[in-house]
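The structure appears right after this line, and notes come after that.
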Amino acid sequence: MEALIETWNIHARINHYLLEALDDAQLDAKLAKGRTARAMFAHIHNVRLMWFKSARADLLEGLEKLEADSPKETILGEMAKSDRAVEKMLMDALEGDQRVRGFKPHAQAYIGYLISHESHHRGQVEIMLRLAGLPISDKVSFGLWEWGTR
């Protein structure tokens with residue numbers, strides 16, 4: 001159980017690492033269609049809230065839905081809170097019946113689902129910024145893969 005929770009926490013820190021590295025021009029870049037990088041991070045947080053609403057409404061306390069144009073510091077703060085709420089939901093499920101309400105098959109797969117979903121959007125951010133002519137630095141790009149140090 002501890003290794004799965006640590007995996008979640010490393011993943012969450014990588015989300016923050018990327019978001020912290022982006023300047024306002026990068027956060028607000030947009031291709032012809034789709035979300036801005038800022039909106040993608042807000043979406044990540046808001047999907048977590050959707051899961052709390054269906055699986056653990058008690059974990060919504062103190063969490064706010066983000067708008068697509070929310071300030072970077074607000075997104076970082078709210079994501080930090082939802083990071084901890086996800087950790088709590090996972091710990092409780094893993095210590096209990098191994099289930100997240102409304103998700104099949106089990107809590108371990110739910111961790112995989114969340115990490116896959118959020119990593120998908122991190123990849124979209126990186127590609128979108130490259131196409132917009134505002135790529136992230138090589139240092140940040142490589143840093144996204146430094147799970148042993150994050």
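Residues in the structure tokens are numbered from 1 in each chain, the chains being A, B, ... in the order shown, and ligands are numbered from 1 in the order shown.
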
Report as a Markdown table the residues of stretch 21-57 of chain A within 12 Å of stretch 77-96 of chain A, each with its shortest atom pair and distance in Å (one decimal), using only C-alpha atoms, ordered by chain and increasing residue number.
```
| residue | atom | partner | partner_atom | distance |
| --- | --- | --- | --- | --- |
| A:Phe41 | CA | A:Met79 | CA | 8.4 |
| A:Ala42 | CA | A:Met79 | CA | 8.4 |
| A:His43 | CA | A:Met79 | CA | 10.4 |
| A:Ile44 | CA | A:Met79 | CA | 8.4 |
| A:His45 | CA | A:Met79 | CA | 5.8 |
| A:Asn46 | CA | A:Ser82 | CA | 9.1 |
| A:Val47 | CA | A:Ser82 | CA | 10.1 |
| A:Arg48 | CA | A:Ser82 | CA | 7.0 |
| A:Leu49 | CA | A:Ser82 | CA | 7.7 |
| A:Met50 | CA | A:Ser82 | CA | 11.2 |
| A:Trp51 | CA | A:Val86 | CA | 9.3 |
| A:Phe52 | CA | A:Val86 | CA | 8.3 |
| A:Lys53 | CA | A:Met89 | CA | 11.8 |
| A:Ser54 | CA | A:Met89 | CA | 11.9 |
| A:Ala55 | CA | A:Met89 | CA | 8.6 |
| A:Arg56 | CA | A:Met89 | CA | 7.3 |
| A:Ala57 | CA | A:Met89 | CA | 10.4 |
```

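Atom CA of A:Ile5 is positioned 14.6 Å from atom CA of A:Gly148.
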
Nearest to A:Ala3, chosen from A:Leu131, A:Arg122, A:Gln108, A:Phe142, with only C-alpha atoms counted in the distances
A:Gln108

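Taking only C-alpha atoms, the non-local environment of A:Ala107 within 6 Å (same-chain residues fewer than 5 positions away omitted) comprises A:Gln98, A:Arg99, A:Val100.
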
Include N, CA and C atoms and write out the residues we just selected as an mmCIF file, in the first residue's frame.
```cif
data_model
loop_
_atom_site.group_PDB
_atom_site.id
_atom_site.type_symbol
_atom_site.label_atom_id
_atom_site.label_comp_id
_atom_site.auth_asym_id
_atom_site.auth_seq_id
_atom_site.Cartn_x
_atom_site.Cartn_y
_atom_site.Cartn_z
ATOM 1 N N GLN A 98 -10.725 -2.296 -0.724
ATOM 2 C CA GLN A 98 -9.965 -2.226 -1.983
ATOM 3 C C GLN A 98 -10.756 -1.597 -3.124
ATOM 4 N N ARG A 99 -11.794 -0.851 -2.805
ATOM 5 C CA ARG A 99 -12.661 -0.288 -3.834
ATOM 6 C C ARG A 99 -12.759 1.227 -3.706
ATOM 7 N N VAL A 100 -12.922 1.879 -4.855
ATOM 8 C CA VAL A 100 -13.314 3.279 -4.929
ATOM 9 C C VAL A 100 -14.731 3.261 -5.479
#
```

Excluding A:Met40 and its own-chain neighbours fewer than 6 positions away, which residues fall within 8 Å of it when counting only C-alpha atoms? Please give them as a count of residues only.
3

Near stretch 18-38 of chain A, 10 Å: stretch 42-115 of chain A residue rows, closest pairs, only C-alpha atoms, as a tab-separated table:
```
residue	atom	partner	partner_atom	distance
A:Ala42	CA	A:Arg38	CA	6.4
A:His43	CA	A:Arg38	CA	8.7
A:Glu67	CA	A:Arg38	CA	9.2
A:Ala68	CA	A:Arg38	CA	6.4
A:Asp69	CA	A:Arg38	CA	6.6
A:Ser70	CA	A:Arg38	CA	7.4
A:Pro71	CA	A:Arg38	CA	8.2
A:Lys72	CA	A:Arg38	CA	7.4
A:Glu73	CA	A:Glu20	CA	8.9
A:Ile75	CA	A:Arg38	CA	8.3
A:Leu76	CA	A:Leu19	CA	7.6
```
